[in-house]
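Peer 1: My structure is in coords.cif, and what it holds is mmCIF, C-alpha atoms:
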```
data_data
loop_
_atom_site.label_atom_id
_atom_site.label_comp_id
_atom_site.auth_asym_id
_atom_site.auth_seq_id
_atom_site.Cartn_x
_atom_site.Cartn_y
_atom_site.Cartn_z
CA MET E 1 0.30 5.95 19.33
CA LYS E 2 -1.29 4.01 16.47
CA ILE E 3 -0.43 4.36 12.80
CA ILE E 4 -2.29 5.33 9.63
CA TYR E 5 -0.75 3.83 6.51
CA PHE E 6 -1.73 5.56 3.27
CA THR E 7 -0.91 3.86 -0.04
CA LEU E 8 -0.70 6.60 -2.66
CA GLN E 9 0.28 6.77 -6.33
CA GLY E 10 -1.28 8.62 -9.25
CA LYS E 11 -0.70 5.78 -11.72
CA GLY E 12 -3.10 2.86 -11.81
CA GLY E 13 -2.16 -0.81 -11.93
CA VAL E 14 1.23 -0.48 -10.23
CA GLY E 15 0.64 -2.53 -7.08
CA LYS E 16 -1.14 -0.25 -4.62
CA THR E 17 -3.70 -2.82 -3.57
CA LEU E 18 -1.13 -5.60 -3.64
CA GLY E 19 1.10 -3.69 -1.22
CA SER E 20 -1.86 -2.74 0.98
CA SER E 21 -3.06 -6.34 1.20
CA TYR E 22 0.41 -7.66 2.03
CA LEU E 23 0.78 -4.93 4.65
CA GLN E 24 -2.51 -5.78 6.36
CA GLN E 25 -1.74 -9.50 6.32
CA TYR E 26 1.69 -8.80 7.80
CA LEU E 27 0.33 -6.59 10.57
CA GLU E 28 -2.38 -9.10 11.46
CA ASN E 29 0.17 -11.93 11.57
CA LYS E 30 2.64 -9.99 13.70
CA SER E 31 0.27 -8.26 16.11
CA ASP E 32 -1.40 -9.69 19.18
CA LYS E 33 -5.06 -10.60 18.99
CA LYS E 34 -6.10 -7.50 20.94
CA SER E 35 -4.68 -5.12 18.33
CA LYS E 36 -7.27 -3.51 16.08
CA ILE E 37 -6.38 -3.26 12.40
CA MET E 38 -8.69 -1.91 9.69
CA GLY E 39 -8.24 -1.65 5.95
CA ILE E 40 -10.07 1.12 4.08
CA ASP E 41 -10.69 1.07 0.32
CA THR E 42 -11.10 4.53 -1.24
CA ASP E 43 -10.87 3.43 -4.88
CA PRO E 44 -14.26 4.33 -6.42
CA ASN E 45 -13.72 2.34 -9.63
CA ASN E 46 -11.83 -0.79 -8.59
CA THR E 47 -12.69 -2.22 -5.19
CA SER E 48 -10.00 -4.90 -5.33
CA PHE E 49 -8.93 -4.31 -1.71
CA THR E 50 -12.51 -4.74 -0.47
CA SER E 51 -12.87 -7.93 -2.52
CA ILE E 52 -10.31 -9.75 -0.34
CA LYS E 53 -13.04 -10.89 2.05
CA LYS E 54 -10.73 -12.33 4.70
CA LEU E 55 -9.32 -8.86 5.41
CA ASN E 56 -12.76 -7.39 6.13
CA VAL E 57 -11.90 -4.09 4.46
CA LYS E 58 -14.25 -1.13 4.80
CA PHE E 59 -15.27 0.50 1.51
CA LEU E 60 -15.62 4.29 1.51
CA PRO E 61 -18.10 5.51 -1.16
CA LEU E 62 -16.84 8.70 -2.82
CA PHE E 63 -19.20 9.23 -5.76
CA ASP E 64 -22.16 11.60 -5.55
CA GLU E 65 -25.48 11.21 -7.40
CA GLU E 66 -23.84 12.36 -10.66
CA GLN E 67 -21.10 9.73 -10.33
CA LYS E 68 -18.47 12.36 -9.60
CA ILE E 69 -16.06 12.25 -6.67
CA ASN E 70 -17.24 14.46 -3.83
CA GLU E 71 -14.26 15.33 -1.62
CA ARG E 72 -16.64 15.92 1.25
CA ASN E 73 -17.12 12.16 1.48
CA PHE E 74 -13.56 11.92 2.82
CA ASP E 75 -14.94 13.49 6.02
CA LYS E 76 -16.32 10.07 6.92
CA MET E 77 -12.82 8.62 6.85
CA ILE E 78 -11.47 11.27 9.22
CA GLU E 79 -14.41 10.70 11.58
CA LEU E 80 -13.60 6.99 11.49
CA PHE E 81 -9.98 7.71 12.45
CA TYR E 82 -10.92 9.97 15.34
CA ASN E 83 -13.56 7.58 16.66
CA ASN E 84 -11.06 4.71 16.65
CA THR E 85 -7.74 6.04 17.92
CA ASP E 86 -6.93 2.56 19.22
CA THR E 87 -6.88 1.19 15.66
CA THR E 88 -4.18 0.91 13.02
CA PHE E 89 -5.49 1.82 9.56
CA ILE E 90 -4.36 0.85 6.06
CA VAL E 91 -5.86 3.18 3.42
CA ASP E 92 -5.67 1.95 -0.17
CA ASN E 93 -6.34 4.86 -2.51
CA GLY E 94 -7.08 4.48 -6.22
CA ALA E 95 -5.64 6.44 -9.14
CA THR E 96 -9.03 8.05 -9.77
CA SER E 97 -9.22 9.48 -6.27
CA PHE E 98 -5.50 10.31 -6.00
CA LEU E 99 -5.68 14.04 -6.75
CA PRO E 100 -9.00 14.54 -4.89
CA LEU E 101 -7.53 12.93 -1.76
CA ILE E 102 -4.31 14.95 -1.95
CA SER E 103 -6.36 18.12 -2.41
CA TYR E 104 -8.59 17.21 0.51
CA LEU E 105 -5.65 16.46 2.82
CA ILE E 106 -4.02 19.80 1.98
CA ASP E 107 -7.10 22.06 1.95
CA ASN E 108 -8.38 20.77 5.27
CA ASN E 109 -5.01 20.59 7.06
CA ILE E 110 -5.68 16.91 7.71
CA MET E 111 -2.10 15.90 8.41
CA GLU E 112 -1.87 18.49 11.20
CA MET E 113 -5.07 17.08 12.69
CA LEU E 114 -3.98 13.45 12.45
CA GLU E 115 -0.52 14.03 13.88
CA ASP E 116 -2.09 14.67 17.29
CA LYS E 117 -3.53 11.16 17.38
CA PHE E 118 -1.53 9.01 14.95
CA ASN E 119 1.81 8.44 13.33
CA ILE E 120 1.46 8.57 9.55
CA ILE E 121 3.32 6.45 7.04
CA ILE E 122 2.79 6.88 3.30
CA HIS E 123 3.55 3.87 1.11
CA ILE E 124 4.42 4.75 -2.48
CA PRO E 125 4.71 2.04 -5.16
CA ILE E 126 7.03 2.56 -8.11
CA THR E 127 7.39 0.11 -10.96
CA GLY E 128 9.69 -0.74 -13.83
CA GLY E 129 8.68 -0.81 -17.48
CA GLN E 130 6.53 1.78 -19.24
CA ALA E 131 5.09 3.21 -16.02
CA GLN E 132 8.48 3.84 -14.39
CA ASP E 133 8.71 7.57 -15.15
CA ASP E 134 5.09 8.17 -14.16
CA THR E 135 5.51 6.41 -10.82
CA LEU E 136 8.80 8.19 -10.10
CA ASN E 137 7.10 11.52 -10.80
CA GLY E 138 4.27 10.48 -8.51
CA MET E 139 6.75 9.63 -5.77
CA SER E 140 8.38 13.06 -6.09
CA TYR E 141 5.03 14.81 -5.94
CA ILE E 142 3.88 12.91 -2.85
CA ILE E 143 7.13 13.40 -0.90
CA ASP E 144 7.36 17.09 -1.84
CA THR E 145 3.76 17.59 -0.73
CA PHE E 146 4.08 16.02 2.73
CA LYS E 147 7.78 16.02 3.66
CA SER E 148 7.43 19.08 5.90
CA HIS E 149 5.32 17.10 8.39
CA LYS E 150 7.49 15.71 11.16
CA LYS E 151 5.31 12.67 11.86
CA VAL E 152 4.93 11.64 8.22
CA LYS E 153 7.30 8.93 6.95
CA PHE E 154 7.62 7.38 3.49
CA ASN E 155 8.15 3.75 2.48
CA ILE E 156 8.77 2.96 -1.17
CA TRP E 157 7.47 -0.27 -2.73
CA ILE E 158 9.69 -1.23 -5.68
CA ASN E 159 7.48 -3.44 -7.83
CA GLU E 160 9.48 -5.37 -10.44
CA TYR E 161 6.49 -7.16 -12.00
CA PHE E 162 6.79 -5.11 -15.21
CA GLY E 163 10.59 -5.07 -15.12
CA LYS E 164 13.50 -3.84 -13.05
CA VAL E 165 13.46 -0.24 -11.83
CA THR E 166 16.63 0.85 -13.57
CA THR E 167 18.19 3.28 -16.06
CA ASN E 168 21.20 3.27 -18.35
CA LYS E 169 23.19 4.95 -15.57
CA ALA E 170 21.77 3.18 -12.52
CA LYS E 171 21.18 -0.55 -12.11
CA HIS E 172 19.47 -0.18 -8.73
CA PHE E 173 16.97 2.31 -7.34
CA GLU E 174 19.40 3.27 -4.57
CA GLU E 175 21.73 4.60 -7.28
CA PHE E 176 19.11 6.95 -8.76
CA ASP E 177 19.72 10.69 -8.36
CA LEU E 178 16.05 10.90 -7.37
CA TYR E 179 16.57 8.45 -4.51
CA ASN E 180 19.53 10.45 -3.20
CA LYS E 181 17.46 13.63 -3.46
CA TYR E 182 14.78 12.20 -1.14
CA LYS E 183 16.87 9.74 0.86
CA GLU E 184 16.60 11.67 4.12
CA HIS E 185 12.80 11.48 3.90
CA ILE E 186 12.54 7.80 2.95
CA ASN E 187 12.06 5.47 5.90
CA GLY E 188 12.56 2.21 4.00
CA LEU E 189 12.46 0.29 0.72
CA LEU E 190 10.26 -2.76 0.08
CA TYR E 191 11.03 -4.92 -2.94
CA LEU E 192 8.51 -7.01 -4.85
CA GLU E 193 11.16 -8.79 -6.88
CA GLN E 194 10.65 -10.61 -10.16
CA VAL E 195 9.87 -14.31 -9.69
CA ASN E 196 9.92 -17.38 -11.92
CA GLU E 197 6.85 -16.84 -14.10
CA LYS E 198 6.08 -20.54 -14.53
CA THR E 199 6.15 -21.46 -10.84
CA TYR E 200 5.85 -18.62 -8.32
CA GLY E 201 4.29 -16.33 -10.92
CA VAL E 202 1.45 -18.74 -11.70
CA ASP E 203 0.87 -19.45 -8.00
CA LEU E 204 0.70 -15.79 -7.04
CA GLU E 205 -1.63 -15.00 -9.92
CA LYS E 206 -3.92 -17.84 -8.81
CA MET E 207 -3.97 -16.50 -5.25
CA HIS E 208 -4.56 -12.90 -6.30
CA LYS E 209 -7.29 -13.74 -8.81
CA GLY E 210 -8.99 -15.80 -6.12
CA LYS E 211 -8.88 -12.78 -3.76
CA LEU E 212 -7.23 -14.97 -1.14
CA THR E 213 -4.74 -14.32 1.65
CA PHE E 214 -1.60 -16.34 2.32
CA ASP E 215 -3.18 -17.93 5.39
CA GLU E 216 -6.23 -19.08 3.45
CA ILE E 217 -4.05 -20.93 0.95
CA ALA E 218 -2.84 -23.37 3.61
CA LEU E 219 -6.37 -24.75 3.99
CA ASP E 220 -7.52 -24.43 0.38
CA THR E 221 -7.86 -27.79 -1.38
CA ASN E 222 -7.74 -26.04 -4.77
CA PHE E 223 -4.00 -25.50 -4.25
CA THR E 224 -1.53 -28.36 -4.64
CA LEU E 225 1.17 -29.26 -2.15
CA MET E 226 3.90 -27.51 -4.15
CA GLU E 227 1.76 -24.42 -4.78
CA LYS E 228 1.23 -24.13 -1.04
CA GLN E 229 4.94 -24.67 -0.42
CA ARG E 230 6.01 -21.94 -2.85
CA LEU E 231 3.44 -19.45 -1.56
CA SER E 232 4.46 -20.16 2.03
CA SER E 233 8.09 -19.56 1.06
CA TYR E 234 7.16 -16.32 -0.71
CA LYS E 235 5.15 -15.13 2.31
CA LYS E 236 8.12 -15.83 4.59
CA LYS E 237 10.44 -13.83 2.33
CA ILE E 238 8.04 -10.87 2.10
CA PHE E 239 7.36 -10.82 5.84
CA GLU E 240 11.07 -11.01 6.71
CA MET E 241 11.68 -8.02 4.45
CA MET E 242 8.83 -6.14 6.10
CA ASP E 243 10.23 -6.95 9.56
CA LYS E 244 13.09 -4.57 8.77
CA VAL E 245 10.92 -1.70 7.56
CA ILE E 246 7.36 -1.81 8.89
CA GLU E 247 6.46 -0.42 12.27
CA LYS E 248 4.24 -2.90 14.08
CA ALA E 249 0.61 -2.11 14.85
#
```
Turn this file's structure into C-alpha cells for me.
Peer 2:
Amino acid sequence: MKIIYFTLQGKGGVGKTLGSSYLQQYLENKSDKKSKIMGIDTDPNNTSFTSIKKLNVKFLPLFDEEQKINERNFDKMIELFYNNTDTTFIVDNGATSFLPLISYLIDNNIMEMLEDKFNIIIHIPITGGQAQDDTLNGMSYIIDTFKSHKKVKFNIWINEYFGKVTTNKAKHFEEFDLYNKYKEHINGLLYLEQVNEKTYGVDLEKMHKGKLTFDEIALDTNFTLMEKQRLSSYKKKIFEMMDKVIEKA
C-alpha cells in the first residue's frame, strides 16, 4: 500500500516546503526507478514547492474567480489520489490553505476514504524563536484532529533555523510536556539542526534560492568544490536521519 505524506502547519515560513522538498528528494533517491512519486503544491500564494523544477511538482489551483479559496477544488486532489493508487504523494500545504484543507478533510470524511487505498503520514514542522508557540499549538491541533484514525501517523520536523526548540524547563523537545502528551501518536522526529551560518548556511541558502536539488548541485558549475562537498555532507546527514524515520515509497 502506497503512502500519502501531508505537510501541515498553520504558521507560514516555518519549513513546510523545505521538509517536503527534502522528503521527495529522499524518496526518489531511495526508491527503485519503477516507483512513482508525485509532489503536490496546494499553497495558493507561494508556489515554492512547484518552483523546484527538478521535482516536477504538480500545482493545484485553489482560488476561484474572486481570488478566494474554494474548498471544492480539493476534489481534484482526491481524484488524483484515487486514479493513481500506485503512486506515493507528498502534499505541501500553505498557511493560507491550512484551515480550508483541514475543514475539507473533516467535512468530507476524506481520511476514511483514503485509508482504504493508502497509508497516511502527516509531517508537522515546529520551529524555535518567535514562532515556537504558534507551531506547537498547530501541532496540537493537527494531532488532536486526526489521531483517532488508525492509519494516520505523525512525524515532527524540528526546525532550528530560528533557534533551538526549548524552554526554561526543557532543553530538548523530547523533554516537553507537550511531547509526552502526544508521544504515543508521534511516529518519529526529524531535526533540521542549526549549522555554521558562514559555511553550510550560505551554501544551503544558495541552493534554496536557486530552487535546486542536492543532486543538481553536483553538476552545477556555479558551485565551488567546497560548496559541493559541504552540501553533499549535509545531504548524507539528512538522509541518514530520514532512514530511521521515513517509510520508503
Peer 1: Pick the closest to E:Tyr104 from E:Arg72, E:Lys58, E:His123, E:Lys11: which is it, counting all atoms listed in the file?
Peer 2: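 Closest to E:Tyr104 of all the choices is E:Arg72.
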Peer 1: What does the PyMOL selection byres ((chain E and resi 207) around 12) select in this file, as a PyMOL selection string?
Peer 2: chain E and resi 18+52+200-206+208-218+220+222-223+227-228+230-232+235
Peer 1: Quick one: pull the distance between atom CA of E:Glu79 and atom CA of E:Asp144, Å, one decimal.
Peer 2: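 Answer for the atom CA of E:Glu79 to atom CA of E:Asp144 separation: 26.4 Å.
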Peer 1: Env of E:His185: 7 Å cut, atoms = only C-alpha atoms, seq-sep filter 3 positions within chain, self excluded. Answer as a ChimeraX atom specification.
Peer 2: /E:147,153-154,182
Peer 1: Nearest residue to E:Met111 out of E:Ile4, E:Ser233, E:Leu23, E:Gly129, using only C-alpha atoms?
Peer 2: E:Ile4
Peer 1: Which residue out of E:Phe74, E:Phe59, E:Phe118, E:Tyr82 has the minimum interatomic distance to E:Ile3 when all atoms listed in the file are used?
Peer 2: E:Phe118
Peer 1: Where does the PyMOL selection byres ((chain E and resi 1) around 10) land in this file, that is, which residues does it pick, as a list in words?
Peer 2: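 Applied to this file, the PyMOL selection byres ((chain E and resi 1) around 10) selects Lys2, Ile3, Thr85, Asp86, Thr87, Thr88, Glu115, Asp116, Lys117, Phe118, Asn119 and Ala249 of chain E.
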Peer 1: With C-alpha atoms retained, could you export that selection as a PDB file, keeping the file's coordinate frame?
Peer 2:
```pdb
ATOM      1  CA  LYS E   2      -1.290   4.010  16.470  1.00  0.00           C
ATOM      2  CA  ILE E   3      -0.430   4.360  12.800  1.00  0.00           C
ATOM      3  CA  THR E  85      -7.740   6.040  17.920  1.00  0.00           C
ATOM      4  CA  ASP E  86      -6.930   2.560  19.220  1.00  0.00           C
ATOM      5  CA  THR E  87      -6.880   1.190  15.660  1.00  0.00           C
ATOM      6  CA  THR E  88      -4.180   0.910  13.020  1.00  0.00           C
ATOM      7  CA  GLU E 115      -0.520  14.030  13.880  1.00  0.00           C
ATOM      8  CA  ASP E 116      -2.090  14.670  17.290  1.00  0.00           C
ATOM      9  CA  LYS E 117      -3.530  11.160  17.380  1.00  0.00           C
ATOM     10  CA  PHE E 118      -1.530   9.010  14.950  1.00  0.00           C
ATOM     11  CA  ASN E 119       1.810   8.440  13.330  1.00  0.00           C
ATOM     12  CA  ALA E 249       0.610  -2.110  14.850  1.00  0.00           C
TER      13      ALA E 249
END
```
Peer 1: Kindly give the distance, in Å, that separates atom CA of E:Lys30 and atom CA of E:Asn56, rounded to a single decimal.
Peer 2: 17.4 Å
Peer 1: List the neighbours of E:Asn46 out to 12 Å using only C-alpha atoms; skip same-chain residues closer than 5 positions along the sequence, and give me the result as JSON, numbers by chain.
Peer 2: {"E": [12, 13, 16, 17, 41, 51, 59, 60, 61, 92, 93, 94, 95, 96, 97]}
Peer 1: Mind giving me the straight-line distance from atom CA of E:Ile124 to atom CA of E:Leu8 in Å, one decimal?
Peer 2: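 About the pair atom CA of E:Ile124 and atom CA of E:Leu8: they are 5.4 Å apart.
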Peer 1: Considering all atoms listed in the file, state which residue in the set E:Leu136, E:Gln25, E:Pro44, E:Ile120 is at the smallest distance from E:Asp64.
Peer 2: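 The shortest atom-to-atom distance to E:Asp64 comes from E:Pro44.
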Peer 1: For E:Ile102, which of E:Val195, E:Ile186, E:Leu219, E:Ile122 is the closest residue, counting all atoms listed in the file?
Peer 2: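 Result for the nearest residue to E:Ile102: E:Ile122.
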Peer 1: For stretch 160-173 of chain E, list every protein, DNA or RNA residue within 9 Å, evaluated using only C-alpha atoms, and leave out those in the same chain fewer than 3 positions away; present the list as number ranges by chain.
Peer 2: E: 14-15, 126-132, 176-179, 191-195
Peer 1: Could you rebuild stretch 75-108 of chain E with N, CA and C atoms and give me the result as a PDB file, in the frame of the given file?
Peer 2:
```pdb
ATOM      1  N   ASP E  75     -14.675  13.160   4.611  1.00  0.00           N
ATOM      2  CA  ASP E  75     -14.940  13.490   6.020  1.00  0.00           C
ATOM      3  C   ASP E  75     -15.242  12.246   6.838  1.00  0.00           C
ATOM      4  N   LYS E  76     -15.939  11.294   6.210  1.00  0.00           N
ATOM      5  CA  LYS E  76     -16.320  10.070   6.920  1.00  0.00           C
ATOM      6  C   LYS E  76     -15.089   9.276   7.340  1.00  0.00           C
ATOM      7  N   MET E  77     -14.050   9.323   6.518  1.00  0.00           N
ATOM      8  CA  MET E  77     -12.820   8.620   6.850  1.00  0.00           C
ATOM      9  C   MET E  77     -12.144   9.258   8.057  1.00  0.00           C
ATOM     10  N   ILE E  78     -12.108  10.576   8.092  1.00  0.00           N
ATOM     11  CA  ILE E  78     -11.470  11.270   9.220  1.00  0.00           C
ATOM     12  C   ILE E  78     -12.251  11.022  10.505  1.00  0.00           C
ATOM     13  N   GLU E  79     -13.574  11.026  10.410  1.00  0.00           N
ATOM     14  CA  GLU E  79     -14.410  10.700  11.580  1.00  0.00           C
ATOM     15  C   GLU E  79     -14.097   9.289  12.067  1.00  0.00           C
ATOM     16  N   LEU E  80     -13.912   8.372  11.127  1.00  0.00           N
ATOM     17  CA  LEU E  80     -13.600   6.990  11.490  1.00  0.00           C
ATOM     18  C   LEU E  80     -12.269   6.922  12.235  1.00  0.00           C
ATOM     19  N   PHE E  81     -11.274   7.660  11.757  1.00  0.00           N
ATOM     20  CA  PHE E  81      -9.980   7.710  12.450  1.00  0.00           C
ATOM     21  C   PHE E  81     -10.151   8.199  13.877  1.00  0.00           C
ATOM     22  N   TYR E  82     -10.829   9.320  14.027  1.00  0.00           N
ATOM     23  CA  TYR E  82     -10.920   9.970  15.340  1.00  0.00           C
ATOM     24  C   TYR E  82     -11.802   9.182  16.315  1.00  0.00           C
ATOM     25  N   ASN E  83     -12.715   8.392  15.790  1.00  0.00           N
ATOM     26  CA  ASN E  83     -13.560   7.580  16.660  1.00  0.00           C
ATOM     27  C   ASN E  83     -12.917   6.243  17.009  1.00  0.00           C
ATOM     28  N   ASN E  84     -11.741   5.977  16.421  1.00  0.00           N
ATOM     29  CA  ASN E  84     -11.060   4.710  16.650  1.00  0.00           C
ATOM     30  C   ASN E  84      -9.544   4.921  16.772  1.00  0.00           C
ATOM     31  N   THR E  85      -9.162   5.727  17.747  1.00  0.00           N
ATOM     32  CA  THR E  85      -7.740   6.040  17.920  1.00  0.00           C
ATOM     33  C   THR E  85      -6.930   4.869  18.459  1.00  0.00           C
ATOM     34  N   ASP E  86      -7.616   3.775  18.771  1.00  0.00           N
ATOM     35  CA  ASP E  86      -6.930   2.560  19.220  1.00  0.00           C
ATOM     36  C   ASP E  86      -6.702   1.584  18.072  1.00  0.00           C
ATOM     37  N   THR E  87      -6.929   2.043  16.841  1.00  0.00           N
ATOM     38  CA  THR E  87      -6.880   1.190  15.660  1.00  0.00           C
ATOM     39  C   THR E  87      -5.779   1.615  14.706  1.00  0.00           C
ATOM     40  N   THR E  88      -5.121   0.650  14.095  1.00  0.00           N
ATOM     41  CA  THR E  88      -4.180   0.910  13.020  1.00  0.00           C
ATOM     42  C   THR E  88      -4.922   0.792  11.697  1.00  0.00           C
ATOM     43  N   PHE E  89      -4.753   1.782  10.821  1.00  0.00           N
ATOM     44  CA  PHE E  89      -5.490   1.820   9.560  1.00  0.00           C
ATOM     45  C   PHE E  89      -4.559   1.653   8.369  1.00  0.00           C
ATOM     46  N   ILE E  90      -5.047   0.939   7.345  1.00  0.00           N
ATOM     47  CA  ILE E  90      -4.360   0.850   6.060  1.00  0.00           C
ATOM     48  C   ILE E  90      -5.315   1.394   5.010  1.00  0.00           C
ATOM     49  N   VAL E  91      -4.984   2.528   4.396  1.00  0.00           N
ATOM     50  CA  VAL E  91      -5.860   3.180   3.420  1.00  0.00           C
ATOM     51  C   VAL E  91      -5.301   2.945   2.024  1.00  0.00           C
ATOM     52  N   ASP E  92      -6.051   2.208   1.215  1.00  0.00           N
ATOM     53  CA  ASP E  92      -5.670   1.950  -0.170  1.00  0.00           C
ATOM     54  C   ASP E  92      -6.438   2.922  -1.060  1.00  0.00           C
ATOM     55  N   ASN E  93      -5.706   3.821  -1.714  1.00  0.00           N
ATOM     56  CA  ASN E  93      -6.340   4.860  -2.510  1.00  0.00           C
ATOM     57  C   ASN E  93      -6.116   4.618  -4.001  1.00  0.00           C
ATOM     58  N   GLY E  94      -7.175   4.737  -4.793  1.00  0.00           N
ATOM     59  CA  GLY E  94      -7.080   4.480  -6.220  1.00  0.00           C
ATOM     60  C   GLY E  94      -6.547   5.650  -7.015  1.00  0.00           C
ATOM     61  N   ALA E  95      -6.163   5.395  -8.264  1.00  0.00           N
ATOM     62  CA  ALA E  95      -5.640   6.440  -9.140  1.00  0.00           C
ATOM     63  C   ALA E  95      -6.694   7.513  -9.398  1.00  0.00           C
ATOM     64  N   THR E  96      -7.957   7.096  -9.501  1.00  0.00           N
ATOM     65  CA  THR E  96      -9.030   8.050  -9.770  1.00  0.00           C
ATOM     66  C   THR E  96      -9.194   9.060  -8.646  1.00  0.00           C
ATOM     67  N   SER E  97      -9.023   8.606  -7.432  1.00  0.00           N
ATOM     68  CA  SER E  97      -9.220   9.480  -6.270  1.00  0.00           C
ATOM     69  C   SER E  97      -7.909  10.047  -5.728  1.00  0.00           C
ATOM     70  N   PHE E  98      -6.812   9.850  -6.459  1.00  0.00           N
ATOM     71  CA  PHE E  98      -5.500  10.310  -6.000  1.00  0.00           C
ATOM     72  C   PHE E  98      -5.464  11.828  -5.810  1.00  0.00           C
ATOM     73  N   LEU E  99      -5.732  12.579  -6.856  1.00  0.00           N
ATOM     74  CA  LEU E  99      -5.680  14.040  -6.750  1.00  0.00           C
ATOM     75  C   LEU E  99      -6.765  14.600  -5.815  1.00  0.00           C
ATOM     76  N   PRO E 100      -8.011  14.067  -5.862  1.00  0.00           N
ATOM     77  CA  PRO E 100      -9.000  14.540  -4.890  1.00  0.00           C
ATOM     78  C   PRO E 100      -8.583  14.328  -3.441  1.00  0.00           C
ATOM     79  N   LEU E 101      -7.963  13.174  -3.137  1.00  0.00           N
ATOM     80  CA  LEU E 101      -7.530  12.930  -1.760  1.00  0.00           C
ATOM     81  C   LEU E 101      -6.394  13.860  -1.371  1.00  0.00           C
ATOM     82  N   ILE E 102      -5.418  14.036  -2.245  1.00  0.00           N
ATOM     83  CA  ILE E 102      -4.310  14.950  -1.950  1.00  0.00           C
ATOM     84  C   ILE E 102      -4.852  16.350  -1.689  1.00  0.00           C
ATOM     85  N   SER E 103      -5.756  16.792  -2.569  1.00  0.00           N
ATOM     86  CA  SER E 103      -6.360  18.120  -2.410  1.00  0.00           C
ATOM     87  C   SER E 103      -7.097  18.240  -1.087  1.00  0.00           C
ATOM     88  N   TYR E 104      -7.838  17.209  -0.741  1.00  0.00           N
ATOM     89  CA  TYR E 104      -8.590  17.210   0.510  1.00  0.00           C
ATOM     90  C   TYR E 104      -7.648  17.276   1.717  1.00  0.00           C
ATOM     91  N   LEU E 105      -6.598  16.486   1.704  1.00  0.00           N
ATOM     92  CA  LEU E 105      -5.650  16.460   2.820  1.00  0.00           C
ATOM     93  C   LEU E 105      -4.992  17.824   3.017  1.00  0.00           C
ATOM     94  N   ILE E 106      -4.675  18.487   1.911  1.00  0.00           N
ATOM     95  CA  ILE E 106      -4.020  19.800   1.980  1.00  0.00           C
ATOM     96  C   ILE E 106      -5.001  20.884   2.411  1.00  0.00           C
ATOM     97  N   ASP E 107      -6.141  20.968   1.717  1.00  0.00           N
ATOM     98  CA  ASP E 107      -7.100  22.060   1.950  1.00  0.00           C
ATOM     99  C   ASP E 107      -7.668  22.058   3.355  1.00  0.00           C
ATOM    100  N   ASN E 108      -7.769  20.869   3.942  1.00  0.00           N
ATOM    101  CA  ASN E 108      -8.380  20.770   5.270  1.00  0.00           C
ATOM    102  C   ASN E 108      -7.361  20.564   6.394  1.00  0.00           C
TER     103      ASN E 108
END
```
